[in-house]
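Source file: input_1.cif. Holds: mmCIF, C-alpha atoms.
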data_my_file
loop_
_atom_site.label_atom_id
_atom_site.label_comp_id
_atom_site.auth_asym_id
_atom_site.auth_seq_id
_atom_site.Cartn_x
_atom_site.Cartn_y
_atom_site.Cartn_z
CA MET A 1 20.44 24.62 8.96
CA GLU A 2 20.89 26.08 5.50
CA HIS A 3 17.87 25.51 3.30
CA SER A 4 18.49 23.55 0.12
CA ILE A 5 15.82 25.53 -1.66
CA ALA A 6 14.69 28.95 -0.44
CA ILE A 7 12.05 31.07 -2.14
CA ARG A 8 11.69 34.39 -0.32
CA ASP A 9 8.83 36.82 -0.87
CA LEU A 10 8.61 35.89 -4.54
CA THR A 11 6.25 37.94 -6.69
CA LYS A 12 5.88 37.49 -10.43
CA ARG A 13 3.62 39.74 -12.50
CA TYR A 14 2.81 39.47 -16.18
CA GLY A 15 1.42 42.90 -17.04
CA ASP A 16 -1.59 43.41 -14.77
CA PHE A 17 -1.77 39.74 -13.85
CA THR A 18 -0.06 38.62 -10.65
CA ALA A 19 0.86 34.95 -11.11
CA VAL A 20 2.72 34.58 -7.80
CA SER A 21 2.29 36.91 -4.84
CA GLY A 22 4.68 37.15 -1.88
CA LEU A 23 5.57 33.44 -1.84
CA THR A 24 8.01 32.30 0.81
CA LEU A 25 8.84 28.59 0.79
CA GLU A 26 11.86 26.80 2.18
CA VAL A 27 12.84 23.16 1.73
CA GLU A 28 15.36 21.56 4.08
CA PRO A 29 18.05 19.09 3.01
CA GLY A 30 16.72 15.56 2.57
CA SER A 31 13.11 16.68 2.45
CA ILE A 32 10.56 16.07 -0.29
CA CYS A 33 8.12 18.96 -0.64
CA GLY A 34 5.00 18.55 -2.76
CA LEU A 35 3.54 21.68 -4.34
CA LEU A 36 -0.20 21.51 -4.95
CA GLY A 37 -2.68 23.99 -6.36
CA PRO A 38 -5.51 24.31 -8.86
CA ASN A 39 -4.65 25.19 -12.46
CA GLY A 40 -3.42 28.77 -12.66
CA ALA A 41 -2.48 28.90 -8.96
CA GLY A 42 1.11 29.81 -9.82
CA LYS A 43 2.92 26.47 -9.58
CA SER A 44 4.56 26.54 -12.99
CA THR A 45 5.46 30.22 -12.68
CA THR A 46 7.18 29.39 -9.39
CA PHE A 47 9.11 26.58 -11.10
CA LYS A 48 10.09 28.88 -13.97
CA CYS A 49 11.50 31.40 -11.49
CA LEU A 50 13.30 28.59 -9.62
CA LEU A 51 14.96 27.40 -12.83
CA GLY A 52 15.85 30.87 -14.08
CA LEU A 53 13.37 30.61 -16.97
CA ALA A 54 11.44 33.65 -15.71
CA ARG A 55 12.74 36.70 -13.87
CA PRO A 56 11.01 37.43 -10.54
CA THR A 57 9.29 40.82 -10.36
CA SER A 58 10.52 40.92 -6.76
CA GLY A 59 11.82 38.54 -4.15
CA SER A 60 14.66 36.05 -4.33
CA ILE A 61 15.56 32.43 -5.04
CA ALA A 62 18.45 30.68 -3.33
CA ILE A 63 19.73 27.16 -4.01
CA GLU A 64 21.97 25.90 -1.20
CA GLY A 65 22.22 29.47 0.04
CA ALA A 66 23.33 31.04 -3.24
CA ALA A 67 21.62 32.72 -6.18
CA LEU A 68 21.14 30.62 -9.30
CA THR A 69 24.16 30.47 -11.62
CA PRO A 70 25.02 28.13 -14.52
CA ALA A 71 27.17 26.15 -12.04
CA THR A 72 24.04 25.41 -9.96
CA PHE A 73 22.84 23.12 -12.75
CA GLU A 74 25.85 20.84 -12.20
CA TYR A 75 24.01 19.33 -9.23
CA LEU A 76 20.41 20.34 -9.89
CA GLY A 77 18.08 17.95 -11.72
CA TYR A 78 14.96 19.41 -13.24
CA VAL A 79 11.88 18.57 -15.23
CA PRO A 80 10.18 21.71 -16.57
CA GLU A 81 6.47 21.91 -17.36
CA ARG A 82 7.07 21.72 -21.11
CA SER A 83 9.91 19.35 -21.80
CA ALA A 84 13.06 21.12 -22.90
CA LEU A 85 14.14 18.35 -25.25
CA TYR A 86 15.54 18.40 -28.77
CA GLU A 87 12.84 17.04 -31.10
CA ALA A 88 15.28 15.85 -33.76
CA LEU A 89 17.61 14.01 -31.35
CA THR A 90 17.25 10.46 -30.03
CA LEU A 91 17.46 9.50 -26.36
CA ASP A 92 21.00 8.20 -26.94
CA GLN A 93 21.99 11.56 -28.41
CA HIS A 94 20.49 13.37 -25.41
CA LEU A 95 22.50 11.13 -23.09
CA GLU A 96 25.67 11.82 -25.07
CA PHE A 97 24.95 15.53 -24.73
CA TYR A 98 24.59 15.11 -20.97
CA ARG A 99 27.78 13.02 -20.77
CA ARG A 100 29.73 15.87 -22.33
CA CYS A 101 28.10 18.66 -20.35
CA TYR A 102 27.83 17.29 -16.81
CA ALA A 103 30.78 16.18 -14.68
CA ARG A 104 28.40 14.23 -12.43
CA TYR A 105 26.85 12.28 -15.34
CA ASP A 106 26.68 8.59 -14.39
CA ALA A 107 26.45 6.37 -17.49
CA ALA A 108 25.65 3.19 -15.54
CA ARG A 109 22.83 4.94 -13.72
CA ALA A 110 21.49 6.38 -16.99
CA ASN A 111 21.42 2.89 -18.55
CA GLU A 112 19.56 1.50 -15.54
CA LEU A 113 17.00 4.29 -15.84
CA VAL A 114 16.52 3.72 -19.59
CA ASP A 115 15.84 0.03 -18.86
CA MET A 116 13.42 0.90 -16.04
CA PHE A 117 11.38 3.17 -18.31
CA LYS A 118 11.69 0.71 -21.23
CA LEU A 119 12.45 3.41 -23.78
CA ASP A 120 13.69 3.09 -27.36
CA ARG A 121 17.08 4.80 -27.42
CA LYS A 122 17.14 5.22 -31.19
CA LYS A 123 13.81 6.97 -31.70
CA LYS A 124 13.71 10.72 -32.23
CA VAL A 125 12.23 12.44 -29.20
CA GLY A 126 9.80 14.30 -31.50
CA ARG A 127 8.12 10.97 -32.22
CA LEU A 128 7.67 9.91 -28.59
CA SER A 129 4.40 10.09 -26.65
CA LYS A 130 3.86 12.67 -23.88
CA GLY A 131 4.58 10.09 -21.18
CA GLN A 132 7.73 8.88 -22.96
CA ARG A 133 8.99 12.46 -23.21
CA THR A 134 8.41 12.89 -19.48
CA ALA A 135 10.41 9.69 -18.98
CA VAL A 136 13.29 11.07 -21.11
CA ALA A 137 13.32 14.27 -19.03
CA LEU A 138 13.37 12.18 -15.82
CA ILE A 139 16.20 9.95 -17.06
CA LEU A 140 18.28 13.04 -17.86
CA ALA A 141 17.45 14.65 -14.51
CA PHE A 142 18.38 11.56 -12.47
CA SER A 143 21.44 10.66 -14.61
CA ILE A 144 23.58 13.35 -12.97
CA ARG A 145 22.73 12.11 -9.42
CA PRO A 146 21.62 15.60 -8.35
CA ARG A 147 21.66 16.92 -4.80
CA ILE A 148 18.57 18.98 -5.59
CA PHE A 149 15.57 18.19 -7.76
CA ILE A 150 13.03 20.68 -9.10
CA LEU A 151 10.34 18.67 -10.84
CA ASP A 152 7.25 20.26 -12.40
CA GLU A 153 4.69 17.46 -12.71
CA PRO A 154 7.28 14.69 -13.01
CA ALA A 155 4.66 11.97 -13.51
CA SER A 156 2.52 13.70 -16.12
CA GLY A 157 1.42 11.42 -18.95
CA LEU A 158 2.89 8.31 -17.28
CA ASP A 159 0.87 5.17 -16.62
CA PRO A 160 0.32 4.07 -12.99
CA VAL A 161 3.27 1.65 -13.06
CA PHE A 162 5.70 4.36 -14.17
CA GLN A 163 4.11 6.91 -11.83
CA ARG A 164 5.00 4.57 -8.97
CA LEU A 165 8.51 4.21 -10.38
CA VAL A 166 8.90 8.01 -10.28
CA LEU A 167 7.86 8.02 -6.61
CA ASP A 168 10.35 5.23 -5.88
CA LEU A 169 13.14 7.18 -7.60
CA MET A 170 12.32 10.30 -5.56
CA ILE A 171 12.16 8.33 -2.30
CA GLU A 172 15.46 6.61 -3.04
CA ALA A 173 17.12 9.95 -3.86
CA ALA A 174 15.80 11.58 -0.68
CA ALA A 175 16.94 8.61 1.42
CA GLY A 176 20.38 9.30 -0.03
CA GLY A 177 20.18 12.93 1.14
CA ALA A 178 18.80 14.68 -1.95
CA THR A 179 16.22 17.47 -1.63
CA ILE A 180 13.16 17.52 -3.87
CA LEU A 181 10.50 20.08 -4.72
CA PHE A 182 7.84 18.69 -7.06
CA SER A 183 4.38 19.62 -8.22
CA SER A 184 1.55 17.27 -9.02
CA HIS A 185 -2.17 17.19 -9.62
CA GLN A 186 -2.28 13.75 -8.04
CA ILE A 187 -2.64 14.32 -4.35
CA GLY A 188 -1.96 10.63 -3.65
CA GLN A 189 1.59 11.07 -4.97
CA VAL A 190 2.24 13.94 -2.58
CA GLU A 191 0.63 12.00 0.27
CA ARG A 192 3.11 9.13 -0.26
CA ALA A 193 6.37 10.72 -1.33
CA ALA A 194 6.34 14.09 0.41
CA ASP A 195 7.02 14.90 4.06
CA ARG A 196 6.10 18.54 3.41
CA VAL A 197 3.28 20.04 1.40
CA ALA A 198 2.66 23.56 0.14
CA ILE A 199 -0.68 24.55 -1.35
CA LEU A 200 -1.01 27.56 -3.65
CA LYS A 201 -4.21 29.38 -4.48
CA ASN A 202 -4.34 32.45 -6.73
CA GLY A 203 -0.57 32.86 -6.46
CA LYS A 204 -0.59 32.81 -2.65
CA LEU A 205 0.54 30.16 -0.21
CA VAL A 206 -2.52 28.95 1.72
CA VAL A 207 -1.08 25.85 3.42
CA ASN A 208 2.56 25.06 4.21
CA GLY A 209 3.63 22.34 6.58
CA SER A 210 4.41 18.74 7.38
CA VAL A 211 1.90 16.31 5.86
CA ASP A 212 1.69 14.37 9.12
CA GLU A 213 1.24 17.54 11.23
CA LEU A 214 -1.58 18.68 8.94
CA LYS A 215 -3.30 15.33 9.37
CA THR A 216 -2.86 15.69 13.14
CA THR A 217 -4.49 19.12 13.33
CA GLU A 218 -6.90 19.41 10.38
CA LYS A 219 -10.22 17.82 11.39
CA ILE A 220 -13.94 17.88 10.81
CA VAL A 221 -15.96 18.48 13.97
CA GLU A 222 -19.50 17.26 13.45
CA ALA A 223 -22.42 17.74 15.83
CA ILE A 224 -25.89 16.26 15.46
CA PHE A 225 -28.77 17.96 17.28
CA ALA A 226 -32.28 16.87 18.22
CA THR A 227 -33.66 19.96 16.48
CA ALA A 228 -32.26 22.42 13.93
CA ALA A 229 -28.52 23.02 14.38
CA PRO A 230 -27.93 26.21 16.40
CA ASP A 231 -26.03 29.33 15.39
CA VAL A 232 -22.77 29.10 17.27
CA ASP A 233 -21.68 32.64 18.07
CA GLY A 234 -18.49 33.78 16.38
CA LEU A 235 -17.85 30.43 14.71
CA ALA A 236 -17.62 31.83 11.19
CA SER A 237 -15.01 34.40 12.21
CA ASP A 238 -12.96 31.94 14.30
CA PRO A 239 -9.52 31.82 12.64
CA ARG A 240 -9.32 28.09 13.33
CA VAL A 241 -12.44 27.38 11.28
CA ARG A 242 -11.85 27.02 7.55
CA ARG A 243 -15.42 26.24 6.54
CA ILE A 244 -18.84 25.64 8.10
CA GLU A 245 -21.58 23.38 6.76
CA ARG A 246 -25.04 23.47 8.27
CA SER A 247 -27.74 21.16 7.06
CA GLY A 248 -30.88 20.63 9.15
CA ARG A 249 -29.78 19.02 12.41
CA ILE A 250 -26.16 18.65 11.37
CA LEU A 251 -23.42 21.21 12.00
CA ARG A 252 -19.98 20.58 10.56
CA ALA A 253 -16.84 22.69 11.01
CA TYR A 254 -13.64 22.11 9.06
CA VAL A 255 -10.95 23.24 11.48
CA SER A 256 -7.23 23.82 10.99
CA ARG A 257 -6.41 23.11 14.65
CA ASP A 258 -7.83 22.78 18.18
CA SER A 259 -10.59 20.37 17.14
CA GLU A 260 -11.13 19.37 20.80
CA ALA A 261 -11.83 22.98 21.80
CA ILE A 262 -14.29 23.43 18.92
CA ALA A 263 -15.99 20.15 19.90
CA GLN A 264 -16.39 21.50 23.46
CA ARG A 265 -18.04 24.66 22.12
CA PHE A 266 -20.55 22.43 20.31
CA GLU A 267 -21.12 20.38 23.48
CA ALA A 268 -22.44 23.54 25.17
CA PHE A 269 -25.49 23.35 22.88
CA SER A 270 -26.32 19.81 24.12
CA PRO A 271 -26.08 17.94 20.84
CA LYS A 272 -27.03 14.26 20.57
CA ASP A 273 -23.53 13.50 19.35
CA VAL A 274 -20.25 15.24 18.60
CA SER A 275 -17.49 13.52 16.70
CA ILE A 276 -14.09 14.53 15.38
CA MET A 277 -13.14 13.06 12.03
CA ASP A 278 -9.75 12.73 10.34
CA LEU A 279 -9.07 14.33 6.98
CA GLY A 280 -6.93 12.92 4.20
CA LEU A 281 -4.75 15.29 2.17
CA GLU A 282 -7.32 15.45 -0.62
CA ASP A 283 -9.94 16.86 1.76
CA ILE A 284 -7.39 19.20 3.33
CA PHE A 285 -6.51 20.42 -0.16
CA LEU A 286 -10.12 20.92 -1.24
CA THR A 287 -10.97 22.72 1.99
CA ALA A 288 -7.94 25.01 1.67
CA VAL A 289 -8.57 26.03 -1.94
CA ASP A 290 -12.32 26.43 -1.38
CA GLY A 291 -12.22 28.21 1.94
CA ARG A 292 -11.13 31.61 3.07
CA ASP A 293 -7.97 33.15 1.72
CA ALA A 294 -5.52 33.13 4.60
CA THR A 295 -2.09 31.75 5.28
CA ILE A 296 -2.20 29.04 7.90
CA PRO A 297 1.28 27.81 8.81
CA HIS A 298 1.63 24.34 10.21
CA GLY A 299 3.98 21.88 11.76
CA ASP A 300 7.06 24.02 12.07
CA LYS A 301 7.81 22.25 15.31
CA ALA A 302 8.36 18.96 13.44
CA MET B 1 10.84 -9.43 0.07
CA PRO B 2 7.36 -8.17 0.93
CA ALA B 3 7.04 -5.32 3.40
CA ILE B 4 6.59 -6.48 7.00
CA PHE B 5 3.31 -4.55 7.09
CA THR B 6 1.22 -2.12 5.11
CA VAL B 7 0.06 1.46 5.64
CA ASP B 8 -2.68 3.56 4.06
CA PRO B 9 -1.27 6.91 2.91
CA ARG B 10 -4.75 8.22 1.99
CA SER B 11 -6.00 7.84 5.54
CA GLY B 12 -6.34 10.89 7.78
CA VAL B 13 -4.15 9.13 10.36
CA PRO B 14 -0.59 10.52 10.08
CA LEU B 15 1.68 8.00 8.34
CA TYR B 16 4.34 8.01 11.06
CA LEU B 17 1.65 7.01 13.59
CA GLN B 18 0.51 4.21 11.30
CA VAL B 19 4.08 2.90 11.12
CA ILE B 20 4.45 3.12 14.92
CA GLU B 21 1.19 1.24 15.47
CA GLN B 22 2.08 -1.43 12.93
CA VAL B 23 5.47 -2.05 14.54
CA LYS B 24 3.94 -2.20 18.03
CA ARG B 25 1.26 -4.55 16.76
CA ALA B 26 3.87 -6.79 15.10
CA VAL B 27 5.83 -6.93 18.38
CA ALA B 28 2.69 -7.60 20.47
CA LEU B 29 1.64 -10.39 18.07
CA GLY B 30 5.16 -11.83 17.94
CA THR B 31 5.53 -11.25 14.18
CA LEU B 32 8.61 -9.27 15.18
CA SER B 33 10.60 -11.04 17.92
CA PRO B 34 12.78 -9.41 20.57
CA GLY B 35 16.25 -8.86 19.13
CA GLU B 36 15.02 -9.05 15.56
CA GLN B 37 16.37 -6.49 13.11
CA LEU B 38 14.01 -4.01 11.48
CA PRO B 39 14.41 -2.95 7.86
CA THR B 40 16.54 0.15 7.32
CA VAL B 41 14.73 3.47 6.95
CA LYS B 42 15.53 3.49 3.25
CA SER B 43 14.38 -0.05 2.52
CA LEU B 44 11.14 0.32 4.50
CA ALA B 45 10.45 3.68 2.78
CA LEU B 46 10.91 1.98 -0.60
CA ASP B 47 8.90 -1.12 0.40
CA LEU B 48 5.95 1.03 1.50
CA THR B 49 6.55 3.82 -1.08
CA VAL B 50 6.47 6.51 1.58
CA ASN B 51 8.76 9.38 2.54
CA PRO B 52 11.99 8.30 4.32
CA ASN B 53 11.79 11.13 6.90
CA THR B 54 8.37 9.78 7.91
CA ILE B 55 9.87 6.34 8.60
CA ALA B 56 12.83 7.91 10.42
CA ARG B 57 10.44 9.87 12.66
CA ALA B 58 8.48 6.68 13.47
CA TYR B 59 11.71 4.87 14.36
CA ARG B 60 12.78 7.76 16.63
CA ASP B 61 9.46 7.64 18.49
CA LEU B 62 9.60 3.84 18.77
CA GLU B 63 13.07 4.14 20.28
CA ARG B 64 11.83 6.79 22.73
CA ASP B 65 8.95 4.45 23.69
CA GLY B 66 11.39 1.63 24.42
CA ILE B 67 10.16 -0.65 21.61
CA ILE B 68 13.28 -0.62 19.45
CA GLU B 69 16.91 0.32 19.83
CA THR B 70 19.17 1.72 17.17
CA SER B 71 22.90 1.37 17.12
CA PRO B 72 24.78 3.51 14.63
CA GLY B 73 26.07 1.49 11.71
CA ARG B 74 24.25 -1.70 12.73
CA GLY B 75 20.62 -0.71 12.35
CA SER B 76 17.44 -0.88 14.41
CA PHE B 77 16.37 -3.89 16.47
CA VAL B 78 13.36 -4.87 18.56
CA ARG B 79 14.52 -4.40 22.14
CA ALA B 80 15.40 -7.68 23.76
CA ASN B 81 14.08 -6.61 27.17
CA GLY B 82 10.83 -4.85 27.75
CA ALA B 83 9.66 -4.43 24.16
CA PRO B 84 6.84 -7.01 24.33
CA GLY B 85 5.58 -5.48 27.60
CA GLU B 86 5.67 -1.97 26.13
CA ALA B 87 4.01 -3.19 22.95
CA ARG B 88 1.28 -4.95 24.94
CA ARG B 89 0.60 -1.74 26.90
CA ALA B 90 0.46 0.20 23.62
CA ALA B 91 -1.92 -2.38 22.16
CA GLU B 92 -4.16 -1.99 25.23
CA ASP B 93 -4.24 1.78 24.67
CA VAL B 94 -5.35 1.25 21.08
CA ALA B 95 -8.00 -1.29 22.11
CA ALA B 96 -9.30 1.00 24.87
CA ALA B 97 -9.65 3.90 22.42
CA MET B 98 -11.54 1.71 19.95
CA LEU B 99 -13.91 0.42 22.63
CA ALA B 100 -14.52 3.95 23.92
CA GLU B 101 -15.34 5.13 20.39
CA ALA B 102 -17.75 2.21 19.85
CA ILE B 103 -19.52 3.03 23.13
CA ARG B 104 -19.69 6.73 22.25
CA GLN B 105 -21.37 5.89 18.96
CA ALA B 106 -23.79 3.44 20.59
CA LYS B 107 -24.75 6.14 23.10
CA ALA B 108 -25.23 8.66 20.27
CA LEU B 109 -27.62 6.19 18.63
CA GLY B 110 -29.75 6.48 21.79
CA LEU B 111 -28.87 3.24 23.58
CA GLU B 112 -29.06 3.19 27.39
CA ARG B 113 -26.09 2.19 29.53
CA GLU B 114 -27.66 -1.16 30.49
CA ARG B 115 -28.41 -2.02 26.87
CA ILE B 116 -24.83 -1.23 25.78
CA GLY B 117 -23.56 -3.35 28.68
CA ALA B 118 -25.72 -6.27 27.53
CA LEU B 119 -24.44 -5.95 23.96
CA LEU B 120 -20.85 -5.95 25.25
CA GLU B 121 -21.57 -9.14 27.24
CA ASP B 122 -22.98 -10.77 24.09
CA ALA B 123 -19.90 -9.80 22.10
CA LEU B 124 -17.57 -11.04 24.86
CA GLY B 125 -19.45 -14.34 24.90
CA ARG B 126 -18.78 -14.80 21.21
CA TRP B 127 -14.99 -14.30 21.50
CA PHE B 128 -14.49 -15.86 24.96
CA PRO B 129 -16.94 -18.78 24.88
CA ALA B 130 -18.00 -20.84 27.93
CA HIS B 131 -16.48 -18.37 30.39
CA GLY B 132 -17.46 -19.60 33.88
CA GLU B 133 -20.10 -21.98 32.55
CA GLU B 134 -18.30 -25.30 32.85
#
What does the file become when written as structure tokens?
Amino acid sequence: MEHSIAIRDLTKRYGDFTAVSGLTLEVEPGSICGLLGPNGAGKSTTFKCLLGLARPTSGSIAIEGAALTPATFEYLGYVPERSALYEALTLDQHLEFYRRCYARYDAARANELVDMFKLDRKKKVGRLSKGQRTAVALILAFSIRPRIFILDEPASGLDPVFQRLVLDLMIEAAAGGATILFSSHQIGQVERAADRVAILKNGKLVVNGSVDELKTTEKIVEAIFATAAPDVDGLASDPRVRRIERSGRILRAYVSRDSEAIAQRFEAFSPKDVSIMDLGLEDIFLTAVDGRDATIPHGDKA
Amino acid sequence: MPAIFTVDPRSGVPLYLQVIEQVKRAVALGTLSPGEQLPTVKSLALDLTVNPNTIARAYRDLERDGIIETSPGRGSFVRANGAPGEARRAAEDVAAAMLAEAIRQAKALGLERERIGALLEDALGRWFPAHGEE
């Protein structure tokens, strides 16, 4: 299947600083991929390259199998990190601009969206709040019924009611076949809307896979001993172990897969109890950005 | 219309498994009757605010497990034959796993087999009163 969005071996340097390093990320048609990462991990640089706002140092970007051209924007909806809006124009004037520029512009849909976000059409965008400007950018993006969405923090500045509305709009679009790549600092949004998640750290991809597969394989294996927790040989260098915590009689391993096998290794030291605990995406995220710096692919069988 | 059930996206249990368990539970409890139509993938995804592919995957697995059947263009339905039996078996699997986990934890707390057995009898007595006493 042709990928709707394909980033291949993308590197972007600014002088001596490498913002993105060897990033390969593909999003299939109909999928919603959430991009997570701490500040400065390279999310916005990736989005700039995707939208043609920054030139990759090396690597390539393909949208529906082709390099980015002005025609791509006919069916691509985007929200950049800093809103690309005209301060002196009203929302109505922005919509008029879109009506003239985009063949796919859907006036009825745009009006629905304006009502949903309860915006004043006659106010200059320069006088709107941060959240209202995000809403304007979203209305414009969704008004052309895109096949592909590239949304850099599409819920930033919005209150919880409108944040949920953004998720609903993304879910509705994906159910209709659209493909979405979005970034967020709110892991709960990714956990709901996305079927895929990619986590960046220092410009590198550290986790990439299906959210459900990650939850199936990422576990905490915890053993409690009668005396001080033993040194388990080779545990720290085991590629399946992301992090180890040892505290008195407790030994905890954050593992990326094979939790049962790790639990069996602990059993060999006759602990009082061994349990395997599930991890939510927030814990998976924190473990991945805290732990060792390695690419751990996941869930490609899904 | 409210969603036919709820899920917890923050949980470490994969969402598609939560959907599968909720549907099986609804069938075992009779909340969903044999032959009854399930919401479309899109409407359930919107009701629960979760990814549509996740719902679609749950529906595929439920079909494979003989709980629902999908006919193109008409939608997904609880299977008229066999679904309650399959759902009951699935519910037993879930119950067995929960009981096993409870026993594991009781053992880890240092309880002997006989003591755990006595506690189970007590608990059974509370939910199945007067068993064999009248």
If the PyMOL selection byres ((chain A) within 8 of (chain B)) were run on this exact file, what residues would it hold? Put them as a short mmCIF file (atom, residue, chain, number, x, y, z; two decimals) with C-alpha atoms, in the frame of the given file.
data_model
loop_
_atom_site.label_atom_id
_atom_site.label_comp_id
_atom_site.auth_asym_id
_atom_site.auth_seq_id
_atom_site.Cartn_x
_atom_site.Cartn_y
_atom_site.Cartn_z
CA GLY A 30 16.72 15.56 2.57
CA SER A 31 13.11 16.68 2.45
CA ILE A 32 10.56 16.07 -0.29
CA LEU A 167 7.86 8.02 -6.61
CA ASP A 168 10.35 5.23 -5.88
CA ILE A 171 12.16 8.33 -2.30
CA GLU A 172 15.46 6.61 -3.04
CA ALA A 174 15.80 11.58 -0.68
CA ALA A 175 16.94 8.61 1.42
CA GLY A 188 -1.96 10.63 -3.65
CA GLU A 191 0.63 12.00 0.27
CA ARG A 192 3.11 9.13 -0.26
CA ALA A 193 6.37 10.72 -1.33
CA ALA A 194 6.34 14.09 0.41
CA ASP A 195 7.02 14.90 4.06
CA VAL A 211 1.90 16.31 5.86
CA ASP A 212 1.69 14.37 9.12
CA GLU A 213 1.24 17.54 11.23
CA LYS A 215 -3.30 15.33 9.37
CA THR A 216 -2.86 15.69 13.14
CA LYS A 272 -27.03 14.26 20.57
CA ASP A 273 -23.53 13.50 19.35
CA ASP A 278 -9.75 12.73 10.34
CA LEU A 279 -9.07 14.33 6.98
CA GLY A 280 -6.93 12.92 4.20
CA LEU A 281 -4.75 15.29 2.17
#
- Write out as a list in words each polymer residue whose atoms come within 7 Å of Ala83 in chain B, counting all atoms listed in the file; drop sequence neighbours fewer than 6 positions from it.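 My list of contacting residues is Pro34, Gly66 and Ile67 of chain B.
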- Query: Mind telling me what the PyMOL selection byres ((chain A and resi 62-65) around 10) catches here, as a VMD selection string?
  - Reply: chain A and resid 2 to 8 26 to 29 50 60 to 61 66 to 69 72 76 147 to 148
- Excluding range 228-231 of chain A and residues on its chain fewer than 3 positions from it, collect all residues at most 9 Å away from it, counting all atoms listed in the file, and give them as an MDAnalysis selection string. chainID A and resid 223:225 234:235 246:251 269 271
- Message: I'd like the neighbourhood of Lys48 in chain A as an MDAnalysis selection string, where a residue qualifies if any of its atoms comes within 12 Å (using all atoms listed in the file), though same-chain residues fewer than 2 positions away should be ignored.
- Response: chainID A and resid 10 12 19:20 42:46 50:56 61 78:82 150:152
- Choose the residue, out of B:Ala26, B:Phe5, B:Glu86, B:Glu36, that has the smallest atom-to-atom separation from Asp65 in chain B; count only C-alpha atoms.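 Ranked by minimum distance to Asp65 in chain B, first place goes to B:Glu86.
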